[in-house]
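Colleague: So that you have it, the file is target-v4.pdb, and it contains PDB, C-alpha atoms and all ligand atoms:
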```pdb
ATOM      1  CA  ALA A  44      34.214  10.586   8.060
ATOM      2  CA  ALA A  45      31.310  12.211   6.275
ATOM      3  CA  PRO A  46      32.053  15.504   4.521
ATOM      4  CA  LEU A  47      30.843  18.471   6.542
ATOM      5  CA  ALA A  48      28.294  19.536   3.930
ATOM      6  CA  ILE A  49      26.559  16.194   4.245
ATOM      7  CA  VAL A  50      26.532  16.412   8.013
ATOM      8  CA  ARG A  51      24.944  19.869   7.749
ATOM      9  CA  GLY A  52      22.465  18.612   5.128
ATOM     10  CA  ALA A  53      21.463  15.707   7.333
ATOM     11  CA  GLY A  54      20.949  18.104  10.224
ATOM     12  CA  GLU A  55      18.765  20.336   8.075
ATOM     13  CA  ALA A  56      16.787  17.289   6.927
ATOM     14  CA  ALA A  57      16.279  16.097  10.512
ATOM     15  CA  GLU A  58      14.827  19.482  11.412
ATOM     16  CA  GLU A  59      12.259  19.049   8.634
ATOM     17  CA  GLY A  60      11.321  15.572   9.862
ATOM     18  CA  ILE A  61      13.474  13.561   7.457
ATOM     19  CA  VAL A  62      15.676  10.916   9.056
ATOM     20  CA  MET A  63      18.600   9.896   6.857
ATOM     21  CA  ARG A  64      19.681   6.490   8.111
ATOM     22  CA  THR A  65      22.695   6.261   5.809
ATOM     23  CA  GLY A  66      24.975   8.932   4.354
ATOM     24  CA  GLU A  67      25.088   7.003   1.111
ATOM     25  CA  ALA A  68      21.344   7.256   0.526
ATOM     26  CA  PHE A  69      21.635  10.959   1.073
ATOM     27  CA  GLN A  70      24.193  11.253  -1.725
ATOM     28  CA  THR A  71      22.234   8.944  -4.046
ATOM     29  CA  LEU A  72      18.966  10.816  -3.589
ATOM     30  CA  ARG A  73      20.061  13.726  -5.797
ATOM     31  CA  GLN A  74      20.665  11.234  -8.649
ATOM     32  CA  VAL A  75      17.245   9.618  -8.477
ATOM     33  CA  ARG A  76      15.414   9.635 -11.829
ATOM     34  CA  THR A  77      12.462   7.376 -10.944
ATOM     35  CA  MET A  78      10.347   7.466  -7.810
ATOM     36  CA  VAL A  79       8.115   4.472  -7.164
ATOM     37  CA  LEU A  80       5.159   5.235  -4.907
ATOM     38  CA  ASP A  81       3.054   2.646  -3.120
ATOM     39  CA  LYS A  82      -0.666   3.449  -3.219
ATOM     40  CA  THR A  83      -2.276   2.495   0.087
ATOM     41  CA  GLY A  84      -0.724   4.363   3.000
ATOM     42  CA  THR A  85       1.644   6.352   0.779
ATOM     43  CA  LEU A  86      -0.437   8.251  -1.804
ATOM     44  CA  THR A  87      -3.509   7.674   0.361
ATOM     45  CA  ILE A  88      -3.787   8.200   4.093
ATOM     46  CA  GLY A  89      -3.980   4.425   4.566
ATOM     47  CA  ARG A  90      -7.183   4.288   6.562
ATOM     48  CA  PRO A  91      -9.681   2.533   4.303
ATOM     49  CA  MET A  92     -13.339   2.511   5.344
ATOM     50  CA  VAL A  93     -16.154   0.191   4.363
ATOM     51  CA  ARG A  94     -18.281   1.959   1.736
ATOM     52  CA  GLY A  95     -20.534  -0.842   0.606
ATOM     53  CA  ILE A  96     -21.537  -4.453   1.225
ATOM     54  CA  VAL A  97     -23.288  -6.839  -1.140
ATOM     55  CA  ALA A  98     -24.226 -10.244   0.262
ATOM     56  CA  GLN A  99     -25.215 -13.229  -1.842
ATOM     57  CA  GLY A 100     -27.217 -16.094  -0.353
ATOM     58  CA  ILE A 101     -26.679 -14.902   3.224
ATOM     59  CA  GLY A 102     -27.630 -11.824   5.242
ATOM     60  CA  GLU A 103     -25.497  -8.697   5.117
ATOM     61  CA  ASP A 104     -24.796  -8.707   8.869
ATOM     62  CA  GLU A 105     -24.038 -12.423   8.797
ATOM     63  CA  LEU A 106     -21.566 -11.847   5.983
ATOM     64  CA  LEU A 107     -19.900  -9.001   7.884
ATOM     65  CA  THR A 108     -19.777 -11.078  11.088
ATOM     66  CA  LEU A 109     -17.966 -13.930   9.326
ATOM     67  CA  ALA A 110     -15.613 -11.503   7.588
ATOM     68  CA  ALA A 111     -14.808  -9.697  10.859
ATOM     69  CA  ALA A 112     -14.128 -12.970  12.678
ATOM     70  CA  THR A 113     -11.750 -14.004   9.905
ATOM     71  CA  GLU A 114     -10.024 -10.605   9.687
ATOM     72  CA  HIS A 115      -9.825 -10.095  13.449
ATOM     73  CA  PRO A 116      -6.245 -11.423  13.878
ATOM     74  CA  SER A 117      -4.955  -9.562  10.795
ATOM     75  CA  GLU A 118      -3.030  -6.285  11.072
ATOM     76  CA  HIS A 119      -3.832  -5.267   7.504
ATOM     77  CA  PRO A 120      -5.596  -1.870   7.126
ATOM     78  CA  LEU A 121      -8.396  -3.567   5.150
ATOM     79  CA  ALA A 122      -8.864  -6.041   7.998
ATOM     80  CA  ARG A 123      -8.983  -3.205  10.551
ATOM     81  CA  ALA A 124     -11.669  -1.491   8.437
ATOM     82  CA  VAL A 125     -13.844  -4.615   8.243
ATOM     83  CA  VAL A 126     -13.586  -5.139  12.013
ATOM     84  CA  ALA A 127     -14.383  -1.452  12.657
ATOM     85  CA  GLU A 128     -17.521  -1.625  10.488
ATOM     86  CA  ALA A 129     -18.730  -4.774  12.279
ATOM     87  CA  THR A 130     -18.112  -3.082  15.644
ATOM     88  CA  ASP A 131     -19.997   0.048  14.523
ATOM     89  CA  ARG A 132     -22.972  -2.108  13.616
ATOM     90  CA  GLY A 133     -22.920  -3.654  17.074
ATOM     91  CA  LEU A 134     -22.093  -7.118  15.764
ATOM     92  CA  ALA A 135     -20.293  -9.745  17.846
ATOM     93  CA  TRP A 136     -18.309 -12.642  16.469
ATOM     94  CA  PRO A 137     -16.763 -15.864  17.732
ATOM     95  CA  GLN A 138     -13.024 -16.360  17.831
ATOM     96  CA  ALA A 139     -11.850 -17.926  14.595
ATOM     97  CA  GLY A 140      -9.670 -21.013  14.412
ATOM     98  CA  GLU A 141      -6.961 -22.030  11.974
ATOM     99  CA  PHE A 142      -6.320 -18.432  10.949
ATOM    100  CA  ARG A 143      -3.973 -18.081   8.002
ATOM    101  CA  SER A 144      -2.725 -14.889   6.419
ATOM    102  CA  LEU A 145      -1.844 -15.024   2.727
ATOM    103  CA  THR A 146       0.250 -11.858   2.498
ATOM    104  CA  GLY A 147      -0.942  -9.552  -0.259
ATOM    105  CA  LEU A 148      -3.852 -11.834  -1.061
ATOM    106  CA  GLY A 149      -6.169 -12.217   1.905
ATOM    107  CA  VAL A 150      -6.939 -14.329   4.956
ATOM    108  CA  THR A 151      -8.652 -17.613   5.744
ATOM    109  CA  ALA A 152     -10.041 -19.056   8.979
ATOM    110  CA  ASP A 153     -12.530 -21.447  10.441
ATOM    111  CA  VAL A 154     -15.488 -19.607  11.995
ATOM    112  CA  ALA A 155     -17.900 -21.724  14.028
ATOM    113  CA  GLY A 156     -17.396 -24.708  11.754
ATOM    114  CA  ARG A 157     -17.538 -22.748   8.523
ATOM    115  CA  SER A 158     -14.501 -22.168   6.380
ATOM    116  CA  VAL A 159     -14.195 -18.520   5.396
ATOM    117  CA  LEU A 160     -11.925 -16.924   2.816
ATOM    118  CA  VAL A 161     -11.604 -13.125   2.547
ATOM    119  CA  GLY A 162      -9.366 -11.474   0.017
ATOM    120  CA  ARG A 163      -8.811 -10.187  -3.470
ATOM    121  CA  PRO A 164     -11.434 -11.576  -5.854
ATOM    122  CA  ALA A 165      -8.754 -13.386  -7.871
ATOM    123  CA  LEU A 166      -7.936 -15.405  -4.758
ATOM    124  CA  LEU A 167     -11.395 -17.015  -4.854
ATOM    125  CA  THR A 168     -10.888 -17.886  -8.502
ATOM    126  CA  GLU A 169      -7.552 -19.476  -7.598
ATOM    127  CA  TYR A 170      -9.389 -21.638  -5.069
ATOM    128  CA  GLY A 171     -11.766 -22.708  -7.834
ATOM    129  CA  ILE A 172     -14.640 -20.631  -6.457
ATOM    130  CA  ASP A 173     -16.793 -18.896  -9.057
ATOM    131  CA  VAL A 174     -17.387 -15.213  -8.223
ATOM    132  CA  GLY A 175     -20.350 -15.288 -10.613
ATOM    133  CA  PRO A 176     -22.812 -12.378 -10.581
ATOM    134  CA  LEU A 177     -20.665 -10.578  -7.980
ATOM    135  CA  GLN A 178     -18.189  -9.711 -10.718
ATOM    136  CA  GLU A 179     -20.433  -6.899 -11.911
ATOM    137  CA  VAL A 180     -20.546  -5.429  -8.381
ATOM    138  CA  ILE A 181     -16.762  -5.697  -8.135
ATOM    139  CA  ASP A 182     -16.237  -3.924 -11.453
ATOM    140  CA  ARG A 183     -18.590  -1.112 -10.494
ATOM    141  CA  TRP A 184     -16.803  -0.425  -7.201
ATOM    142  CA  THR A 185     -13.255  -0.797  -8.441
ATOM    143  CA  SER A 186     -13.752   1.498 -11.441
ATOM    144  CA  SER A 187     -14.515   4.308  -8.989
ATOM    145  CA  GLY A 188     -11.245   3.724  -7.145
ATOM    146  CA  HIS A 189     -12.448   1.356  -4.434
ATOM    147  CA  THR A 190     -10.821  -1.822  -3.219
ATOM    148  CA  ALA A 191     -13.205  -4.759  -3.432
ATOM    149  CA  ILE A 192     -12.640  -7.803  -1.287
ATOM    150  CA  ALA A 193     -14.606 -10.969  -1.877
ATOM    151  CA  ILE A 194     -15.806 -13.411   0.759
ATOM    152  CA  ALA A 195     -16.333 -17.139   0.302
ATOM    153  CA  VAL A 196     -18.109 -19.289   2.887
ATOM    154  CA  ASP A 197     -17.707 -23.056   2.582
ATOM    155  CA  ASP A 198     -16.364 -22.672  -0.943
ATOM    156  CA  GLN A 199     -19.301 -20.558  -2.136
ATOM    157  CA  ALA A 200     -18.972 -16.885  -3.099
ATOM    158  CA  ALA A 201     -20.983 -15.090  -0.391
ATOM    159  CA  GLY A 202     -20.403 -11.421  -1.014
ATOM    160  CA  VAL A 203     -18.266  -8.390  -1.617
ATOM    161  CA  ILE A 204     -17.129  -5.587   0.668
ATOM    162  CA  ALA A 205     -16.022  -2.325  -0.974
ATOM    163  CA  LEU A 206     -13.526  -0.119   0.812
ATOM    164  CA  GLY A 207     -12.431   3.421   0.074
ATOM    165  CA  ASP A 208      -9.396   5.324   1.228
ATOM    166  CA  THR A 209      -8.661   9.057   1.087
ATOM    167  CA  LEU A 210      -5.989  10.565  -1.113
ATOM    168  CA  ARG A 211      -3.411  12.615   0.771
ATOM    169  CA  PRO A 212      -4.311  16.263   0.045
ATOM    170  CA  GLU A 213      -0.782  17.107  -1.153
ATOM    171  CA  ALA A 214      -0.357  14.033  -3.398
ATOM    172  CA  THR A 215      -1.201  15.688  -6.737
ATOM    173  CA  GLU A 216       0.948  18.746  -6.113
ATOM    174  CA  VAL A 217       3.934  16.646  -4.988
ATOM    175  CA  VAL A 218       3.718  14.349  -8.018
ATOM    176  CA  ALA A 219       3.760  17.391 -10.335
ATOM    177  CA  ALA A 220       6.748  18.841  -8.474
ATOM    178  CA  LEU A 221       8.641  15.548  -8.730
ATOM    179  CA  ARG A 222       8.167  15.648 -12.476
ATOM    180  CA  ASP A 223       9.379  19.259 -12.591
ATOM    181  CA  ALA A 224      12.499  18.096 -10.735
ATOM    182  CA  GLY A 225      13.151  15.544 -13.499
ATOM    183  CA  ILE A 226      11.913  12.528 -11.548
ATOM    184  CA  SER A 227       9.427  10.126 -13.182
ATOM    185  CA  PRO A 228       6.706   9.020 -10.773
ATOM    186  CA  VAL A 229       5.536   5.384 -10.861
ATOM    187  CA  LEU A 230       2.603   3.825  -8.983
ATOM    188  CA  LEU A 231       3.110   0.330  -7.545
ATOM    189  CA  THR A 232       0.361  -1.511  -5.695
ATOM    190  CA  GLY A 233      -1.029  -4.870  -4.732
ATOM    191  CA  ASP A 234      -4.515  -3.467  -5.230
ATOM    192  CA  ASN A 235      -6.645  -4.017  -8.343
ATOM    193  CA  GLN A 236      -5.848  -2.429 -11.716
ATOM    194  CA  ARG A 237      -8.968  -0.276 -11.934
ATOM    195  CA  ALA A 238      -8.551   1.270  -8.479
ATOM    196  CA  ALA A 239      -4.862   1.852  -9.212
ATOM    197  CA  ASP A 240      -5.650   3.520 -12.555
ATOM    198  CA  PHE A 241      -8.263   5.705 -10.860
ATOM    199  CA  VAL A 242      -5.818   6.961  -8.219
ATOM    200  CA  ALA A 243      -3.033   7.365 -10.801
ATOM    201  CA  ALA A 244      -5.294   9.544 -12.966
ATOM    202  CA  GLN A 245      -6.246  11.646  -9.938
ATOM    203  CA  VAL A 246      -2.634  12.414  -9.018
ATOM    204  CA  GLY A 247      -1.242  12.527 -12.560
ATOM    205  CA  ILE A 248       0.863   9.356 -12.708
ATOM    206  CA  GLU A 249       1.060   7.574 -16.065
ATOM    207  CA  THR A 250       3.092   4.478 -15.223
ATOM    208  CA  VAL A 251       1.109   2.008 -13.126
ATOM    209  CA  TYR A 252       1.944  -1.466 -11.850
ATOM    210  CA  ALA A 253      -1.121  -2.996 -10.162
ATOM    211  CA  GLU A 254      -2.086  -6.371  -8.690
ATOM    212  CA  VAL A 255       1.565  -6.885  -7.847
ATOM    213  CA  ARG A 256       2.244  -9.617  -5.306
ATOM    214  CA  PRO A 257       4.418  -8.624  -2.358
ATOM    215  CA  GLY A 258       7.266 -10.830  -3.616
ATOM    216  CA  ASP A 259       7.205  -9.129  -7.013
ATOM    217  CA  LYS A 260       7.433  -5.506  -5.887
ATOM    218  CA  ALA A 261      11.230  -5.767  -5.548
ATOM    219  CA  ALA A 262      11.508  -7.366  -9.005
ATOM    220  CA  ILE A 263       9.718  -4.382 -10.538
ATOM    221  CA  VAL A 264      12.083  -1.965  -8.803
ATOM    222  CA  ARG A 265      15.005  -4.010 -10.196
ATOM    223  CA  GLU A 266      13.507  -3.795 -13.683
ATOM    224  CA  LEU A 267      13.199  -0.008 -13.360
ATOM    225  CA  GLN A 268      16.887   0.132 -12.355
ATOM    226  CA  ARG A 269      17.928  -1.242 -15.742
ATOM    227  CA  ASP A 270      20.430   0.928 -17.587
ATOM    228  CA  GLY A 271      21.712   2.212 -14.264
ATOM    229  CA  ARG A 272      18.754   4.437 -13.513
ATOM    230  CA  ARG A 273      18.633   5.395  -9.847
ATOM    231  CA  VAL A 274      15.315   4.425  -8.347
ATOM    232  CA  ALA A 275      13.746   5.509  -5.064
ATOM    233  CA  MET A 276      10.873   3.557  -3.552
ATOM    234  CA  VAL A 277       8.388   5.058  -1.105
ATOM    235  CA  GLY A 278       6.258   2.680   0.951
ATOM    236  CA  ASP A 279       4.698   1.950   4.301
ATOM    237  CA  GLY A 280       3.775  -1.715   4.478
ATOM    238  CA  ILE A 281       5.271  -5.093   5.353
ATOM    239  CA  ASN A 282       4.774  -5.945   1.695
ATOM    240  CA  ASP A 283       6.950  -2.988   0.656
ATOM    241  CA  ALA A 284      10.019  -4.027   2.684
ATOM    242  CA  PRO A 285      11.841  -6.058  -0.020
ATOM    243  CA  ALA A 286      11.266  -3.293  -2.586
ATOM    244  CA  LEU A 287      12.568  -0.664  -0.145
ATOM    245  CA  MET A 288      15.747  -2.738   0.239
ATOM    246  CA  GLN A 289      16.117  -3.214  -3.510
ATOM    247  CA  ALA A 290      15.733   0.494  -4.340
ATOM    248  CA  ASP A 291      18.784   2.764  -4.502
ATOM    249  CA  VAL A 292      16.984   4.818  -1.883
ATOM    250  CA  GLY A 293      14.212   3.251   0.196
ATOM    251  CA  ILE A 294      11.914   5.814   1.820
ATOM    252  CA  ALA A 295       9.442   4.776   4.522
ATOM    253  CA  MET A 296       6.458   6.660   5.853
ATOM    254  CA  GLY A 297       6.959   7.160   9.585
ATOM    255  CA  THR A 298       3.443   5.901  10.276
ATOM    256  CA  GLY A 299       4.171   2.656   8.450
ATOM    257  CA  ALA A 300       5.026  -0.830   9.619
ATOM    258  CA  ASP A 301       8.235  -1.252  11.677
ATOM    259  CA  ILE A 302       9.714  -3.568   9.081
ATOM    260  CA  ALA A 303       9.231  -0.925   6.387
ATOM    261  CA  MET A 304      11.202   1.591   8.457
ATOM    262  CA  GLU A 305      13.926  -0.961   9.218
ATOM    263  CA  SER A 306      14.267  -1.679   5.492
ATOM    264  CA  ALA A 307      14.468   1.979   4.477
ATOM    265  CA  ASP A 308      17.380   4.425   4.106
ATOM    266  CA  VAL A 309      15.198   7.450   4.751
ATOM    267  CA  ILE A 310      12.247   7.836   7.119
ATOM    268  CA  LEU A 311       9.658  10.597   6.771
ATOM    269  CA  VAL A 312       8.773  11.362  10.366
ATOM    270  CA  ARG A 313       5.901  13.666   9.463
ATOM    271  CA  ASP A 314       3.170  12.198   7.339
ATOM    272  CA  ASP A 315       3.585  14.703   4.533
ATOM    273  CA  LEU A 316       4.673  13.879   0.978
ATOM    274  CA  HIS A 317       6.228  17.356   0.623
ATOM    275  CA  LEU A 318       9.144  15.876   2.580
ATOM    276  CA  LEU A 319      10.054  13.857  -0.535
ATOM    277  CA  LEU A 320      10.760  17.138  -2.327
ATOM    278  CA  ASP A 321      12.601  18.581   0.668
ATOM    279  CA  ALA A 322      14.808  15.487   0.983
ATOM    280  CA  HIS A 323      15.649  15.632  -2.706
ATOM    281  CA  SER A 324      16.510  19.322  -2.714
ATOM    282  CA  ILE A 325      18.562  19.138   0.501
ATOM    283  CA  SER A 326      20.545  16.279  -1.046
ATOM    284  CA  ARG A 327      21.181  18.372  -4.164
ATOM    285  CA  THR A 328      22.259  21.541  -2.384
ATOM    286  CA  SER A 329      24.575  19.688   0.015
ATOM    287  CA  TYR A 330      26.240  17.997  -2.916
ATOM    288  CA  ARG A 331      26.721  21.302  -4.668
ATOM    289  CA  LYS A 332      28.458  22.633  -1.550
ATOM    290  CA  ILE A 333      30.922  19.735  -1.599
ATOM    291  CA  LYS A 334      31.847  20.344  -5.225
TER     292      LYS A 334
HETATM  293  P1  LIG B   1      -1.011  -2.531  -1.219
HETATM  294  O1  LIG B   1       0.113  -2.793  -2.168
HETATM  295  O2  LIG B   1      -2.023  -1.604  -1.839
HETATM  296  O3  LIG B   1      -0.503  -1.950   0.105
HETATM  297  P2  LIG B   1      -1.435  -5.371  -0.348
HETATM  298  O4  LIG B   1      -0.305  -5.995  -1.123
HETATM  299  O5  LIG B   1      -1.269  -5.331   1.131
HETATM  300  O6  LIG B   1      -1.821  -3.906  -0.941
HETATM  301  O7  LIG B   1      -2.761  -6.168  -0.669
HETATM  302  C1  LIG B   1      -3.137  -6.389  -2.002
HETATM  303  C2  LIG B   1      -4.561  -6.873  -2.076
HETATM  304  O8  LIG B   1      -4.685  -8.153  -1.397
HETATM  305  C3  LIG B   1      -5.568  -5.971  -1.381
HETATM  306  O9  LIG B   1      -6.022  -4.943  -2.215
HETATM  307  C4  LIG B   1      -6.687  -6.971  -1.061
HETATM  308  O10 LIG B   1      -7.487  -7.202  -2.198
HETATM  309  C5  LIG B   1      -5.928  -8.233  -0.740
HETATM  310  N1  LIG B   1      -5.677  -8.388   0.714
HETATM  311  C6  LIG B   1      -4.478  -8.340   1.347
HETATM  312  N2  LIG B   1      -4.611  -8.532   2.673
HETATM  313  C7  LIG B   1      -5.945  -8.663   2.898
HETATM  314  C8  LIG B   1      -6.758  -8.867   4.065
HETATM  315  N3  LIG B   1      -6.256  -8.982   5.300
HETATM  316  N4  LIG B   1      -8.100  -8.947   3.882
HETATM  317  C9  LIG B   1      -8.645  -8.838   2.655
HETATM  318  N5  LIG B   1      -7.945  -8.646   1.541
HETATM  319  C10 LIG B   1      -6.625  -8.570   1.636
HETATM  320 MG    MG B   2       0.871   0.300   1.493
END
```
Kindly transcribe the structure held in the file into structure tokens.
Ligand code: ADP
Ligand code: MG

Modeller:
Amino acid sequence: AAPLAIVRGAGEAAEEGIVMRTGEAFQTLRQVRTMVLDKTGTLTIGRPMVRGIVAQGIGEDELLTLAAATEHPSEHPLARAVVAEATDRGLAWPQAGEFRSLTGLGVTADVAGRSVLVGRPALLTEYGIDVGPLQEVIDRWTSSGHTAIAIAVDDQAAGVIALGDTLRPEATEVVAALRDAGISPVLLTGDNQRAADFVAAQVGIETVYAEVRPGDKAAIVRELQRDGRRVAMVGDGINDAPALMQADVGIAMGTGADIAMESADVILVRDDLHLLLDAHSISRTSYRKIK
């Protein structure tokens, strides 16, 4: 049976909006020395919006129509943003065929006989498609913290859509407090290096892993666990699930994907990063009571 102090601590945590799914995680939390934070949906609110569109060789609305048709079946926040922008502009699109989701990379589909690819710019390069003059546009947007997704139509680069998300208002303060508590913050994201560096600088994180494929997030957590360091991972997405399982303590945002919550030891019911500090301090005080 769990010691009484832990039971009380877990009750206190639940009142704050912190669900401890295992007693073990609760005891490990006080030993955590590294906290890995996902960017989109964790440090940011996770509702990206289209901030700019540059079309090449086709019209802007045509580009957005093809992108929306391709993204329509996807659950990804970037996909939702592209579809929302197309809807706002009053555009209509045909149902796409042969939809394929390349997790952490992008999506492809057949739209009215045209093959469309939407995803990270490097994905186009991997398909042998030259991004060409669009590279300059991509660099400009990403260096101001935006996510740039590239679109190819029939194997030709056809444009770029820039998306911006909003930092959680408490992110900077919480990162500083983590450091004061002796916990090193680390940023881990599938997004581009420039956007990741921009957000990291804003919140005061020095260690950044960007352009990480979903399958590699867990490997990075494992690397950080070297020398027996206890590592917590905070995430919200499908792509974070393996890393949440690998971490000594996996922490999921309550607004995140179901699979993220199922893979986590701790769930933050309220969407507030202050709960990370509360969870840590409740774990410490309960432990002190046991001793
Ligand atoms: P994060 O780690 O920030 O939550 P993901 O691993 O989900 O990001 O995605 C990494 C990158 O892959 C995105 O920044 C984007 O460039 C690309 N990507 C993933 N899914 C999509 C999609 N549905 N549409 C366009 N681009 C996508
Ligand atoms: Mg995320």

Colleague: Please identify all polymer residues lying at most 8 Å from the point (5.5, 8.1, -1.9) (file coordinates), using all atoms listed in the file, and present the result as JSON, numbers by chain.

Modeller: {"A": [78, 79, 80, 81, 82, 85, 86, 276, 277, 278, 294, 296, 316, 319]}

Colleague: With all atoms listed in the file counted, collect every polymer residue having an atom within 9 Å of ligand LIG 1 (chain B); state the result as number ranges by chain.

Modeller: A: 81-85, 89, 110, 113-123, 125, 144-151, 160-166, 190-194, 231-235, 239, 253-257, 260, 278-283

Colleague: If I take atom CA of A:Ser158 and atom CA of A:Arg237, how far is one from the other in Å, to one decimal?

Modeller: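 Those two atoms sit 29.1 Å apart.
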
Colleague: Please provide as a list in words all residues within 10 Å of A:Glu305, with the sequence filter that same-chain residues fewer than 4 positions apart are discarded (counting all atoms listed in the file).

Modeller: Arg64, Ala284, Leu287, Met288, Gly293, Ala295, Ala300, Asp301, Val309 and Ile310 of chain A

Colleague: Quick one: everything within 8 Å of stretch 203-216 of chain A, counting only C-alpha atoms, minus sequence neighbours fewer than 5 positions away in the same chain. Send it as a PyMOL selection string.

Modeller: chain A and resi 83+86-98+121+124+177+180-181+184+188-194+242+245-247+315-317

Colleague: Counting all atoms listed in the file, which residues have an atom no more than 9 Å from (-26.4, -12.5, -4.4) in the file's coordinates? Please list them as a PyMOL selection string.

Modeller: chain A and resi 97-101+176-177+200-202

Colleague: For the file shown, report as number ranges by chain the outcome of the PyMOL selection byres (((chain A and resi 153) around 8) and not hetatm) at residue level.

Modeller: A: 113, 139-142, 151-152, 154-159

Colleague: Quick one: residues within 12 Å of A:Arg272, all atoms listed in the file, excluding same-chain residues fewer than 6 positions away - as number ranges by chain?

Modeller: A: 71-72, 74-78, 226-227, 264-266, 290-292

Colleague: Could you state the separation of atom CA of A:Ala322 and atom CA of A:Thr65 in Å, given to one decimal place?

Modeller: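 Calculated distance between atom CA of A:Ala322 and atom CA of A:Thr65 is 13.1 Å.
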
Colleague: Grab the atom CA of A:Gln70 to atom CA of A:Ser329 distance for me, in Å with one decimal place.

Modeller: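 Straight-line distance from atom CA of A:Gln70 to atom CA of A:Ser329 works out to 8.6 Å.
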
Colleague: Here is a test: counting all atoms listed in the file, which residue of A:Arg273, A:Gly299, A:Thr328, A:Ile248 is nearest to ligand MG 2 (chain B)?

Modeller: A:Gly299

Colleague: In terms of the shortest atom-to-atom distance over only C-alpha atoms and all ligand atoms, which of A:Val229, A:Ala303, A:Ala135, A:Ala224 is closest to ligand MG 2 (chain B)?

Modeller: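 Ranking A:Val229, A:Ala303, A:Ala135, A:Ala224 by distance to ligand MG 2 (chain B), first place goes to A:Ala303.
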